[in-house]
Amino acid sequence: MEAVTEQEDRYAGFLQILQQKNKLSDNDLNKARRMQKSAVSEMIPQLLIKLGLCSDADIADSFVQNCQIDRVAANDYPLESPFSDDISLKFLKHSHVVGLQADEDSISVAVMDPKDEYIIQALTLATGKKVEVKIGLLSEIDAALDAQYGDGKSKMDLLVDGFESEDIDDEDLEHLKDLASEAPVIKMVNLFLQKAIEMKASDVHIEPFEQNLKVRLRVDGVLQDIDAPPVTSTAAVLSRIKIMAKLNIAERRLPQDGRIKLQMLGKELDLRVSTIPTMYGESVVMRLLDKENIVLDFEALGLTGKNSQQFIDVLAKPHGILLITGPTGSGKSTTLYTALKQLNTAERKIITIEDPIEYQLEGVNQIQAKPQIGLTFATALRSIVRQDPDVIMIGEMRDLETAKIAVQSALTGHLVLSTLHTNDAAGGITRLLDMGLEEYLLSSTVNGILAQRLVRTLCPDCKEPYSASDAVIEDMHLRKFTETADIQLYKAVGCVACGDIGYKGRQAIIEFLPMSEKIQKQIMERKESGEIQKQAIKEGMLTMYEDGLLKAVNGITTIEEVLRVTTES
């Protein structure tokens, strides 16, 4: 107990900073304290990372602030260790310390925990030199040690060395279960989940082929390859994921869906798991729902300017239908949740029917659709309207029955929010007409339609301005977005902060079509979506393409990125 109290005193300032930054709750700190009573040899910072209560970046940043010591950048670790052979690798790995550079009098090191005095004293005695300390991320220190002492092998290579590589019989379920529960396979799966969290990926794709197992992460909408396990581990890795998601590991002929809840790198994650059978095994996609990183703020999501203001004004109406359209992965759900957050006051009752429920909102009654037991959007909606709600959110208008009940709900004084899969705002109207909704019902209930895409935003640390050429200015009509004579655009360069990609994060580019009298008349006449869009533009609507160009001129994204996600040329 004395050791625990001594540590509490030593790390008091560091823990206070973590709590002030909302990186560590009282409950999580108490959990670490309880754990330490049975593991007094482990220091608090290491325990916080080990238990998944804080990320190594949170720990490093708090130490930098608390100790006023510089942090080491990821590319500043040397490939060769400045330590002599007298310093054992076992000590360095156990203490999480890596040598940076040395001269005759001193040696500089990166440590995860600068308050661990034993490490500094031991190195001073062993080297006979003054030890200068810098702070490093735990994962980067361990990777640097692997590079310096592991013949340049990556973490995945080292795990593969410990994996039994003989052919695995896919039909031997007991053997598969055993393999999936062994350390190398668990560590393999954890490694690419950790990588996904560090890179802020939205999805992990695990795809088996004849000669290799491919693992890719979708970061800011674009897929990137990462180190993958060997093809011989395919069955064990997929079985591990299916066990975590509580899926049937014996069923490989049919698609399956499941969920994984876990705490890793200081984050509470909800993973949506989908498997489908392919020629060489099952393809698995895990959607990462990071509850802590979701930003439910219109401006942060990219809904700014006139379009956004019109959307917010329509959202304030007491009844009617508000639709959000776009393809899968265009941020529709996040915009819906942001709208619900704004509407979520003590005076309103909000009920949602979703498939799946992606984020839980305090004070909102959320229903998970279960078609297998007959709880579809349509059947749930019939019951929802009898619950006296003010606002109803439908995950997606998939069929005529759902659309009809939504229209009836809007006509009887409810505000209804929902999504559609269409390419633009005007296309949402023709989609509902094609479903079979009557023109007069559609024109009298739909208040507005928002269409959106997600563009990658430029990294603020490395974006570079350049003067737009006259040809680009004229071709893209950039003068309408700025009054400056010399129009500046920006290009993605790449640096340490963004992983040499040049982009960091995403924002929505939007178009909002409010329902005007002329557009209502066009709906009654069943005009094509192109004509409806022309009328909306005539009334002042900015298209997604134009909203993207405006964001490019304002230095938020690049012209190339806008062209990538829109159909304009």
# chains A, B, ... in the order shown; residues from 1 in each chain; ligands from 1
call {"tool": "residues_around", "arguments": {"residues": "Ser62 in chain A", "least_positions_apart": "2", "cutoff": "9 Å", "atoms": "only C-alpha atoms", "output": "ChimeraX atom specification"}}
result
/A:14-15,17-18,21,57-60,64-67
call {"tool": "write_last_selection", "arguments": {"atoms": "N, CA, C and O atoms", "output": "mmCIF file, in the first residue's frame"}}
result
data_model
loop_
_atom_site.group_PDB
_atom_site.id
_atom_site.type_symbol
_atom_site.label_atom_id
_atom_site.label_comp_id
_atom_site.auth_asym_id
_atom_site.auth_seq_id
_atom_site.Cartn_x
_atom_site.Cartn_y
_atom_site.Cartn_z
ATOM 1 N N PHE A 14 0.659 14.786 -13.126
ATOM 2 C CA PHE A 14 0.432 14.120 -14.413
ATOM 3 C C PHE A 14 -1.025 13.636 -14.509
ATOM 4 O O PHE A 14 -1.701 13.853 -15.528
ATOM 5 N N LEU A 15 -1.538 12.998 -13.456
ATOM 6 C CA LEU A 15 -2.908 12.501 -13.446
ATOM 7 C C LEU A 15 -3.916 13.642 -13.487
ATOM 8 O O LEU A 15 -4.962 13.547 -14.140
ATOM 9 N N ILE A 17 -3.537 16.508 -14.990
ATOM 10 C CA ILE A 17 -3.606 17.005 -16.375
ATOM 11 C C ILE A 17 -4.482 16.095 -17.219
ATOM 12 O O ILE A 17 -5.317 16.555 -18.001
ATOM 13 N N LEU A 18 -4.312 14.765 -17.062
ATOM 14 C CA LEU A 18 -5.151 13.810 -17.804
ATOM 15 C C LEU A 18 -6.635 14.039 -17.511
ATOM 16 O O LEU A 18 -7.469 13.992 -18.416
ATOM 17 N N LYS A 21 -8.013 17.309 -19.017
ATOM 18 C CA LYS A 21 -8.225 17.190 -20.476
ATOM 19 C C LYS A 21 -9.334 16.183 -20.813
ATOM 20 O O LYS A 21 -9.560 15.883 -21.989
ATOM 21 N N ALA A 57 -0.579 8.305 -26.750
ATOM 22 C CA ALA A 57 -0.437 9.724 -27.120
ATOM 23 C C ALA A 57 -0.937 10.622 -25.984
ATOM 24 O O ALA A 57 -0.321 11.657 -25.679
ATOM 25 N N ASP A 58 -2.045 10.216 -25.318
ATOM 26 C CA ASP A 58 -2.553 10.987 -24.173
ATOM 27 C C ASP A 58 -1.516 11.020 -23.047
ATOM 28 O O ASP A 58 -1.272 12.060 -22.425
ATOM 29 N N ILE A 59 -0.905 9.863 -22.791
ATOM 30 C CA ILE A 59 0.103 9.752 -21.729
ATOM 31 C C ILE A 59 1.301 10.649 -22.053
ATOM 32 O O ILE A 59 1.768 11.422 -21.206
ATOM 33 N N ALA A 60 1.795 10.572 -23.301
ATOM 34 C CA ALA A 60 2.962 11.368 -23.696
ATOM 35 C C ALA A 60 2.667 12.859 -23.606
ATOM 36 O O ALA A 60 3.468 13.638 -23.070
ATOM 37 N N VAL A 64 4.571 15.663 -21.277
ATOM 38 C CA VAL A 64 5.213 16.845 -21.874
ATOM 39 C C VAL A 64 4.787 18.100 -21.116
ATOM 40 O O VAL A 64 5.608 18.946 -20.762
ATOM 41 N N GLN A 65 3.468 18.196 -20.854
ATOM 42 C CA GLN A 65 2.946 19.367 -20.145
ATOM 43 C C GLN A 65 3.387 19.393 -18.688
ATOM 44 O O GLN A 65 3.743 20.441 -18.144
ATOM 45 N N ASN A 66 3.383 18.224 -18.055
ATOM 46 C CA ASN A 66 3.701 18.139 -16.636
ATOM 47 C C ASN A 66 5.198 18.333 -16.343
ATOM 48 O O ASN A 66 5.571 19.004 -15.385
ATOM 49 N N CYS A 67 6.047 17.749 -17.214
ATOM 50 C CA CYS A 67 7.494 17.763 -16.950
ATOM 51 C C CYS A 67 8.249 18.816 -17.766
ATOM 52 O O CYS A 67 9.450 18.997 -17.559
#
call {"tool": "select_by_dssp", "arguments": {"residues": "range 350-549 of chain A", "states": "strand (DSSP E or B)", "output": "JSON list (two decimals) with N, CA, C and O atoms, in the first residue's frame"}}
result
[["chain", "number", "residue", "atom", "x", "y", "z"],
["A", 350, "ILE", "N", -38.32, 12.44, -28.74],
["A", 350, "ILE", "CA", -37.73, 11.96, -29.98],
["A", 350, "ILE", "C", -37.65, 10.44, -29.95],
["A", 350, "ILE", "O", -37.17, 9.85, -28.98],
["A", 351, "ILE", "N", -38.14, 9.79, -31.01],
["A", 351, "ILE", "CA", -38.04, 8.34, -31.15],
["A", 351, "ILE", "C", -37.40, 8.03, -32.50],
["A", 351, "ILE", "O", -37.74, 8.65, -33.51],
["A", 352, "THR", "N", -36.46, 7.08, -32.50],
["A", 352, "THR", "CA", -35.82, 6.68, -33.76],
["A", 352, "THR", "C", -36.01, 5.19, -34.00],
["A", 352, "THR", "O", -36.15, 4.42, -33.05],
["A", 353, "ILE", "N", -36.03, 4.81, -35.27],
["A", 353, "ILE", "CA", -35.96, 3.41, -35.65],
["A", 353, "ILE", "C", -34.77, 3.27, -36.60],
["A", 353, "ILE", "O", -34.73, 3.93, -37.64],
["A", 354, "GLU", "N", -33.78, 2.48, -36.21],
["A", 354, "GLU", "CA", -32.51, 2.44, -36.94],
["A", 354, "GLU", "C", -32.07, 0.99, -37.18],
["A", 354, "GLU", "O", -32.45, 0.08, -36.46],
["A", 365, "ASN", "N", -35.12, 8.08, -27.55],
["A", 365, "ASN", "CA", -35.59, 6.70, -27.53],
["A", 365, "ASN", "C", -35.22, 6.04, -28.86],
["A", 365, "ASN", "O", -35.82, 6.34, -29.90],
["A", 366, "GLN", "N", -34.24, 5.14, -28.82],
["A", 366, "GLN", "CA", -33.74, 4.54, -30.06],
["A", 366, "GLN", "C", -34.16, 3.07, -30.14],
["A", 366, "GLN", "O", -33.96, 2.30, -29.19],
["A", 367, "ILE", "N", -34.72, 2.69, -31.29],
["A", 367, "ILE", "CA", -35.20, 1.33, -31.51],
["A", 367, "ILE", "C", -34.33, 0.67, -32.57],
["A", 367, "ILE", "O", -34.09, 1.25, -33.64],
["A", 368, "GLN", "N", -33.86, -0.54, -32.29],
["A", 368, "GLN", "CA", -33.09, -1.32, -33.27],
["A", 368, "GLN", "C", -34.05, -2.18, -34.09],
["A", 368, "GLN", "O", -34.80, -2.98, -33.55],
["A", 370, "LYS", "N", -35.38, -5.19, -36.24],
["A", 370, "LYS", "CA", -35.05, -6.62, -36.27],
["A", 370, "LYS", "C", -36.00, -7.30, -37.25],
["A", 370, "LYS", "O", -37.02, -7.88, -36.85],
["A", 375, "LEU", "N", -39.84, -6.92, -36.81],
["A", 375, "LEU", "CA", -39.74, -5.51, -36.40],
["A", 375, "LEU", "C", -39.02, -4.73, -37.52],
["A", 375, "LEU", "O", -37.82, -4.50, -37.46],
["A", 391, "VAL", "N", -40.65, 14.29, -32.64],
["A", 391, "VAL", "CA", -39.70, 14.07, -33.74],
["A", 391, "VAL", "C", -39.52, 12.57, -33.93],
["A", 391, "VAL", "O", -39.34, 11.83, -32.96],
["A", 392, "ILE", "N", -39.56, 12.14, -35.20],
["A", 392, "ILE", "CA", -39.32, 10.72, -35.54],
["A", 392, "ILE", "C", -38.15, 10.66, -36.50],
["A", 392, "ILE", "O", -38.10, 11.42, -37.48],
["A", 393, "MET", "N", -37.19, 9.78, -36.20],
["A", 393, "MET", "CA", -36.08, 9.59, -37.14],
["A", 393, "MET", "C", -36.13, 8.16, -37.67],
["A", 393, "MET", "O", -36.18, 7.21, -36.90],
["A", 394, "ILE", "N", -36.16, 8.03, -39.00],
["A", 394, "ILE", "CA", -36.17, 6.72, -39.65],
["A", 394, "ILE", "C", -34.81, 6.54, -40.30],
["A", 394, "ILE", "O", -34.38, 7.38, -41.10],
["A", 415, "LEU", "N", -42.36, 15.98, -36.92],
["A", 415, "LEU", "CA", -41.18, 16.25, -37.74],
["A", 415, "LEU", "C", -40.48, 14.92, -37.99],
["A", 415, "LEU", "O", -40.14, 14.20, -37.05],
["A", 416, "VAL", "N", -40.31, 14.57, -39.26],
["A", 416, "VAL", "CA", -39.72, 13.28, -39.62],
["A", 416, "VAL", "C", -38.38, 13.50, -40.32],
["A", 416, "VAL", "O", -38.29, 14.27, -41.28],
["A", 417, "LEU", "N", -37.33, 12.84, -39.81],
["A", 417, "LEU", "CA", -36.00, 12.90, -40.43],
["A", 417, "LEU", "C", -35.67, 11.52, -40.98],
["A", 417, "LEU", "O", -35.94, 10.51, -40.33],
["A", 418, "SER", "N", -35.08, 11.48, -42.17],
["A", 418, "SER", "CA", -34.71, 10.18, -42.73],
["A", 418, "SER", "C", -33.63, 10.34, -43.80],
["A", 418, "SER", "O", -33.23, 11.47, -44.12],
["A", 419, "THR", "N", -33.16, 9.20, -44.32],
["A", 419, "THR", "CA", -32.12, 9.23, -45.37],
["A", 419, "THR", "C", -32.60, 8.47, -46.60],
["A", 419, "THR", "O", -33.49, 7.63, -46.53],
["A", 420, "LEU", "N", -31.97, 8.81, -47.73],
["A", 420, "LEU", "CA", -32.20, 8.13, -49.00],
["A", 420, "LEU", "C", -30.86, 7.94, -49.69],
["A", 420, "LEU", "O", -29.94, 8.73, -49.48],
["A", 446, "VAL", "N", -42.67, 17.28, -47.74],
["A", 446, "VAL", "CA", -41.20, 17.41, -47.72],
["A", 446, "VAL", "C", -40.82, 18.89, -47.59],
["A", 446, "VAL", "O", -41.21, 19.72, -48.43],
["A", 447, "ASN", "N", -40.09, 19.22, -46.52],
["A", 447, "ASN", "CA", -39.65, 20.60, -46.29],
["A", 447, "ASN", "C", -38.34, 20.92, -46.99],
["A", 447, "ASN", "O", -38.08, 22.06, -47.36],
["A", 448, "GLY", "N", -37.47, 19.90, -47.12],
["A", 448, "GLY", "CA", -36.17, 20.14, -47.75],
["A", 448, "GLY", "C", -35.38, 18.85, -47.87],
["A", 448, "GLY", "O", -35.65, 17.87, -47.16],
["A", 449, "ILE", "N", -34.41, 18.86, -48.79],
["A", 449, "ILE", "CA", -33.55, 17.69, -48.99],
["A", 449, "ILE", "C", -32.10, 18.14, -49.01],
["A", 449, "ILE", "O", -31.73, 19.05, -49.76],
["A", 450, "LEU", "N", -31.29, 17.52, -48.15],
["A", 450, "LEU", "CA", -29.86, 17.82, -48.08],
["A", 450, "LEU", "C", -29.09, 16.68, -48.73],
["A", 450, "LEU", "O", -29.29, 15.51, -48.38],
["A", 451, "ALA", "N", -28.22, 16.99, -49.69],
["A", 451, "ALA", "CA", -27.33, 15.97, -50.28],
["A", 451, "ALA", "C", -25.91, 16.28, -49.84],
["A", 451, "ALA", "O", -25.54, 17.46, -49.70],
["A", 452, "GLN", "N", -25.11, 15.26, -49.62],
["A", 452, "GLN", "CA", -23.75, 15.52, -49.16],
["A", 452, "GLN", "C", -22.76, 14.44, -49.59],
["A", 452, "GLN", "O", -23.13, 13.33, -49.94],
["A", 453, "ARG", "N", -21.50, 14.83, -49.60],
["A", 453, "ARG", "CA", -20.36, 13.92, -49.79],
["A", 453, "ARG", "C", -19.31, 14.34, -48.76],
["A", 453, "ARG", "O", -19.37, 15.45, -48.23],
["A", 454, "LEU", "N", -18.33, 13.48, -48.54],
["A", 454, "LEU", "CA", -17.23, 13.82, -47.63],
["A", 454, "LEU", "C", -15.95, 14.03, -48.43],
["A", 454, "LEU", "O", -15.59, 13.19, -49.25],
["A", 455, "VAL", "N", -15.28, 15.17, -48.20],
["A", 455, "VAL", "CA", -13.97, 15.41, -48.80],
["A", 455, "VAL", "C", -12.92, 15.40, -47.70],
["A", 455, "VAL", "O", -13.19, 15.80, -46.57],
["A", 456, "ARG", "N", -11.72, 14.97, -48.04],
["A", 456, "ARG", "CA", -10.63, 15.02, -47.07],
["A", 456, "ARG", "C", -10.18, 16.46, -46.89],
["A", 456, "ARG", "O", -10.08, 17.21, -47.87],
["A", 457, "THR", "N", -9.91, 16.84, -45.65],
["A", 457, "THR", "CA", -9.45, 18.21, -45.38],
["A", 457, "THR", "C", -7.93, 18.24, -45.31],
["A", 457, "THR", "O", -7.29, 17.28, -44.87],
["A", 458, "LEU", "N", -7.37, 19.35, -45.77],
["A", 458, "LEU", "CA", -5.92, 19.50, -45.82],
["A", 458, "LEU", "C", -5.31, 19.50, -44.42],
["A", 458, "LEU", "O", -5.90, 20.04, -43.48],
["A", 464, "GLU", "N", 0.24, 23.66, -48.72],
["A", 464, "GLU", "CA", 1.02, 24.69, -49.41],
["A", 464, "GLU", "C", 0.15, 25.47, -50.37],
["A", 464, "GLU", "O", -0.53, 24.89, -51.21],
["A", 465, "PRO", "N", 0.16, 26.82, -50.25],
["A", 465, "PRO", "CA", -0.66, 27.62, -51.18],
["A", 465, "PRO", "C", 0.03, 27.78, -52.54],
["A", 465, "PRO", "O", 1.25, 27.72, -52.63],
["A", 466, "TYR", "N", -0.77, 27.96, -53.57],
["A", 466, "TYR", "CA", -0.25, 28.31, -54.89],
["A", 466, "TYR", "C", -1.30, 29.16, -55.60],
["A", 466, "TYR", "O", -2.50, 29.09, -55.28],
["A", 467, "SER", "N", -0.87, 29.96, -56.53],
["A", 467, "SER", "CA", -1.79, 30.84, -57.26],
["A", 467, "SER", "C", -2.49, 30.03, -58.35],
["A", 467, "SER", "O", -1.84, 29.36, -59.15],
["A", 488, "GLN", "N", -5.88, 32.06, -54.32],
["A", 488, "GLN", "CA", -4.97, 31.04, -53.78],
["A", 488, "GLN", "C", -5.71, 29.71, -53.63],
["A", 488, "GLN", "O", -6.80, 29.66, -53.07],
["A", 489, "LEU", "N", -5.10, 28.67, -54.16],
["A", 489, "LEU", "CA", -5.56, 27.31, -53.88],
["A", 489, "LEU", "C", -4.47, 26.61, -53.09],
["A", 489, "LEU", "O", -3.38, 27.17, -52.91],
["A", 490, "TYR", "N", -4.74, 25.41, -52.62],
["A", 490, "TYR", "CA", -3.76, 24.71, -51.78],
["A", 490, "TYR", "C", -3.53, 23.30, -52.29],
["A", 490, "TYR", "O", -4.41, 22.69, -52.90],
["A", 491, "LYS", "N", -2.32, 22.78, -52.03],
["A", 491, "LYS", "CA", -2.04, 21.40, -52.41],
["A", 491, "LYS", "C", -1.62, 20.59, -51.17],
["A", 491, "LYS", "O", -1.06, 21.14, -50.21],
["A", 503, "TYR", "N", -3.47, 15.03, -46.00],
["A", 503, "TYR", "CA", -4.84, 15.29, -45.55],
["A", 503, "TYR", "C", -5.01, 14.77, -44.12],
["A", 503, "TYR", "O", -4.37, 13.82, -43.72],
["A", 504, "LYS", "N", -5.92, 15.43, -43.39],
["A", 504, "LYS", "CA", -6.18, 15.02, -42.00],
["A", 504, "LYS", "C", -7.64, 15.31, -41.68],
["A", 504, "LYS", "O", -8.02, 16.47, -41.57],
["A", 505, "GLY", "N", -8.45, 14.26, -41.59],
["A", 505, "GLY", "CA", -9.87, 14.45, -41.29],
["A", 505, "GLY", "C", -10.69, 14.69, -42.54],
["A", 505, "GLY", "O", -10.17, 14.77, -43.66],
["A", 506, "ARG", "N", -12.02, 14.79, -42.32],
["A", 506, "ARG", "CA", -12.93, 15.02, -43.45],
["A", 506, "ARG", "C", -14.02, 16.01, -43.08],
["A", 506, "ARG", "O", -14.33, 16.20, -41.90],
["A", 507, "GLN", "N", -14.57, 16.66, -44.08],
["A", 507, "GLN", "CA", -15.71, 17.54, -43.92],
["A", 507, "GLN", "C", -16.71, 17.26, -45.02],
["A", 507, "GLN", "O", -16.37, 16.72, -46.07],
["A", 508, "ALA", "N", -17.97, 17.66, -44.77],
["A", 508, "ALA", "CA", -19.01, 17.45, -45.77],
["A", 508, "ALA", "C", -19.04, 18.61, -46.75],
["A", 508, "ALA", "O", -18.83, 19.77, -46.37],
["A", 509, "ILE", "N", -19.27, 18.30, -48.02],
["A", 509, "ILE", "CA", -19.69, 19.33, -48.98],
["A", 509, "ILE", "C", -21.15, 19.05, -49.26],
["A", 509, "ILE", "O", -21.55, 17.88, -49.42],
["A", 510, "ILE", "N", -21.97, 20.08, -49.28],
["A", 510, "ILE", "CA", -23.42, 19.86, -49.27],
["A", 510, "ILE", "C", -24.14, 20.70, -50.33],
["A", 510, "ILE", "O", -23.60, 21.68, -50.86],
["A", 511, "GLU", "N", -25.36, 20.25, -50.64],
["A", 511, "GLU", "CA", -26.31, 21.11, -51.34],
["A", 511, "GLU", "C", -27.65, 20.91, -50.64],
["A", 511, "GLU", "O", -27.99, 19.79, -50.24],
["A", 512, "PHE", "N", -28.38, 22.01, -50.46],
["A", 512, "PHE", "CA", -29.66, 21.91, -49.75],
["A", 512, "PHE", "C", -30.76, 22.48, -50.63],
["A", 512, "PHE", "O", -30.69, 23.61, -51.07],
["A", 513, "LEU", "N", -31.75, 21.64, -50.88],
["A", 513, "LEU", "CA", -32.87, 22.03, -51.73],
["A", 513, "LEU", "C", -34.09, 22.27, -50.85],
["A", 513, "LEU", "O", -34.72, 21.32, -50.38],
["A", 514, "PRO", "N", -34.41, 23.56, -50.55],
["A", 514, "PRO", "CA", -35.62, 23.84, -49.77],
["A", 514, "PRO", "C", -36.84, 23.79, -50.71],
["A", 514, "PRO", "O", -36.73, 24.05, -51.89]]
call {"tool": "closest_residue", "arguments": {"among": "A:Ile249, A:Ser330, A:Val407, A:Thr412", "to": "Lys177 in chain A", "atoms": "only C-alpha atoms"}}
result
A:Ile249
call {"tool": "residues_around", "arguments": {"residues": "range 517-529 of chain A", "least_positions_apart": "4", "cutoff": "6 Å", "atoms": "only C-alpha atoms", "output": "ChimeraX atom specification"}}
result
/A:426-427,439,443
call {"tool": "select_by_dssp", "arguments": {"residues": "range 96-318 of chain A", "states": "helix (DSSP H, G or I)", "output": "PyMOL selection string"}}
result
chain A and resi 117-127+138-149+155-161+173-180+183-198+231-244+298-301+305-315
call {"tool": "write_last_selection", "arguments": {"atoms": "C-alpha atoms", "output": "mmCIF file, in the first residue's frame"}}
result
data_model
loop_
_atom_site.group_PDB
_atom_site.id
_atom_site.type_symbol
_atom_site.label_atom_id
_atom_site.label_comp_id
_atom_site.auth_asym_id
_atom_site.auth_seq_id
_atom_site.Cartn_x
_atom_site.Cartn_y
_atom_site.Cartn_z
ATOM 1 C CA GLU A 117 13.828 7.579 -11.593
ATOM 2 C CA TYR A 118 15.118 3.987 -11.520
ATOM 3 C CA ILE A 119 15.566 3.965 -15.333
ATOM 4 C CA ILE A 120 17.670 7.139 -15.321
ATOM 5 C CA GLN A 121 19.795 5.996 -12.365
ATOM 6 C CA ALA A 122 20.402 2.560 -13.945
ATOM 7 C CA LEU A 123 21.436 4.076 -17.299
ATOM 8 C CA THR A 124 23.700 6.647 -15.606
ATOM 9 C CA LEU A 125 25.502 3.858 -13.717
ATOM 10 C CA ALA A 126 25.718 1.568 -16.753
ATOM 11 C CA THR A 127 26.979 4.171 -19.237
ATOM 12 C CA LEU A 138 5.050 3.719 -25.985
ATOM 13 C CA SER A 139 4.191 2.202 -29.385
ATOM 14 C CA GLU A 140 6.917 4.218 -31.157
ATOM 15 C CA ILE A 141 9.544 3.316 -28.533
ATOM 16 C CA ASP A 142 8.727 -0.391 -28.868
ATOM 17 C CA ALA A 143 8.782 -0.121 -32.687
ATOM 18 C CA ALA A 144 12.168 1.668 -32.547
ATOM 19 C CA LEU A 145 13.595 -1.095 -30.325
ATOM 20 C CA ASP A 146 12.298 -3.707 -32.795
ATOM 21 C CA ALA A 147 13.986 -1.817 -35.640
ATOM 22 C CA GLN A 148 17.299 -1.422 -33.734
ATOM 23 C CA TYR A 149 17.537 -4.951 -32.354
ATOM 24 C CA LYS A 155 5.843 -6.082 -35.188
ATOM 25 C CA MET A 156 3.804 -8.278 -37.514
ATOM 26 C CA ASP A 157 6.970 -10.118 -38.668
ATOM 27 C CA LEU A 158 7.900 -10.836 -35.057
ATOM 28 C CA LEU A 159 4.397 -12.191 -34.336
ATOM 29 C CA VAL A 160 4.507 -14.355 -37.445
ATOM 30 C CA ASP A 161 7.745 -15.941 -36.156
ATOM 31 C CA LEU A 173 -13.229 -26.484 -35.335
ATOM 32 C CA GLU A 174 -11.649 -27.338 -31.986
ATOM 33 C CA HIS A 175 -8.155 -26.779 -33.393
ATOM 34 C CA LEU A 176 -9.316 -23.495 -34.949
ATOM 35 C CA LYS A 177 -10.765 -22.346 -31.614
ATOM 36 C CA ASP A 178 -7.504 -23.210 -29.872
ATOM 37 C CA LEU A 179 -5.424 -21.330 -32.464
ATOM 38 C CA ALA A 180 -7.750 -18.316 -32.314
ATOM 39 C CA ALA A 183 -1.231 -15.323 -28.108
ATOM 40 C CA PRO A 184 0.173 -14.843 -31.673
ATOM 41 C CA VAL A 185 -3.290 -14.729 -33.310
ATOM 42 C CA ILE A 186 -4.768 -12.501 -30.580
ATOM 43 C CA LYS A 187 -1.802 -10.151 -30.953
ATOM 44 C CA MET A 188 -2.124 -10.135 -34.771
ATOM 45 C CA VAL A 189 -5.778 -9.059 -34.578
ATOM 46 C CA ASN A 190 -5.024 -6.524 -31.818
ATOM 47 C CA LEU A 191 -2.148 -5.118 -33.874
ATOM 48 C CA PHE A 192 -4.239 -4.115 -36.856
ATOM 49 C CA LEU A 193 -7.060 -2.880 -34.589
ATOM 50 C CA GLN A 194 -4.505 -0.670 -32.796
ATOM 51 C CA LYS A 195 -3.208 0.526 -36.162
ATOM 52 C CA ALA A 196 -6.779 1.362 -37.191
ATOM 53 C CA ILE A 197 -7.304 3.429 -34.023
ATOM 54 C CA GLU A 198 -3.966 5.240 -34.389
ATOM 55 C CA VAL A 231 -2.009 -16.538 -45.644
ATOM 56 C CA THR A 232 -1.542 -19.675 -43.477
ATOM 57 C CA SER A 233 -3.084 -17.753 -40.557
ATOM 58 C CA THR A 234 -6.257 -16.807 -42.493
ATOM 59 C CA ALA A 235 -8.585 -19.339 -40.848
ATOM 60 C CA ALA A 236 -7.261 -18.599 -37.342
ATOM 61 C CA VAL A 237 -7.453 -14.788 -37.752
ATOM 62 C CA LEU A 238 -10.999 -14.905 -39.168
ATOM 63 C CA SER A 239 -12.064 -17.327 -36.404
ATOM 64 C CA ARG A 240 -10.622 -14.956 -33.782
ATOM 65 C CA ILE A 241 -12.696 -12.057 -35.135
ATOM 66 C CA LYS A 242 -15.842 -14.217 -35.355
ATOM 67 C CA ILE A 243 -15.392 -15.392 -31.762
ATOM 68 C CA MET A 244 -15.005 -11.759 -30.625
ATOM 69 C CA PHE A 298 -22.763 21.372 -37.860
ATOM 70 C CA GLU A 299 -19.838 23.734 -38.412
ATOM 71 C CA ALA A 300 -17.207 21.084 -37.605
ATOM 72 C CA LEU A 301 -18.948 18.691 -40.013
ATOM 73 C CA GLY A 305 -22.722 29.224 -45.229
ATOM 74 C CA LYS A 306 -26.121 29.805 -46.846
ATOM 75 C CA ASN A 307 -26.861 26.120 -47.508
ATOM 76 C CA SER A 308 -26.298 25.239 -43.876
ATOM 77 C CA GLN A 309 -28.403 28.115 -42.553
ATOM 78 C CA GLN A 310 -31.339 27.087 -44.750
ATOM 79 C CA PHE A 311 -31.019 23.510 -43.472
ATOM 80 C CA ILE A 312 -31.016 24.675 -39.833
ATOM 81 C CA ASP A 313 -34.048 26.927 -40.498
ATOM 82 C CA VAL A 314 -36.008 24.011 -42.003
ATOM 83 C CA LEU A 315 -34.932 21.796 -39.076
#
call {"tool": "closest_residue", "arguments": {"among": "A:Val109, A:Ala316, A:Leu29, A:Leu400", "to": "Cys54 in chain A", "atoms": "only C-alpha atoms"}}
result
A:Leu29
call {"tool": "atom_distance", "arguments": {"atom1": "CA of Pro277 in chain A", "atom2": "CA of Leu262 in chain A"}}
result
25.4 Å
call {"tool": "atom_distance", "arguments": {"atom1": "CA of Leu442 in chain A", "atom2": "CA of Ser409 in chain A"}}
result
12.5 Å
call {"tool": "residues_around", "arguments": {"residues": "Met397 in chain A", "least_positions_apart": "4", "cutoff": "12 Å", "atoms": "only C-alpha atoms", "output": "ChimeraX atom specification"}}
result
/A:321-325,353-355,376-378,381,393,401-407,416-422,428,431-432,435,437
call {"tool": "closest_residue", "arguments": {"among": "A:Glu207, A:Asp86, A:Asp103, A:Glu251", "to": "Ala228 in chain A", "atoms": "only C-alpha atoms"}}
result
A:Glu207
call {"tool": "closest_residue", "arguments": {"among": "A:Ile260, A:Ala74, A:Ile107, A:Val565", "to": "Glu132 in chain A", "atoms": "only C-alpha atoms"}}
result
A:Ile107
call {"tool": "atom_distance", "arguments": {"atom1": "CA of Lys134 in chain A", "atom2": "CA of Asp70 in chain A"}}
result
5.6 Å
call {"tool": "residues_around", "arguments": {"residues": "Ile276 in chain A", "least_positions_apart": "2", "cutoff": "10 Å", "atoms": "only C-alpha atoms", "output": "number ranges by chain"}}
result
A: 252-257, 274, 278, 281-285
call {"tool": "residues_around", "arguments": {"residues": "Tyr337 in chain A", "least_positions_apart": "5", "cutoff": "10 Å", "atoms": "only C-alpha atoms", "output": "JSON, numbers by chain"}}
result
{"A": [294, 295, 296, 297, 332, 342, 343, 358, 359, 360, 361, 393]}
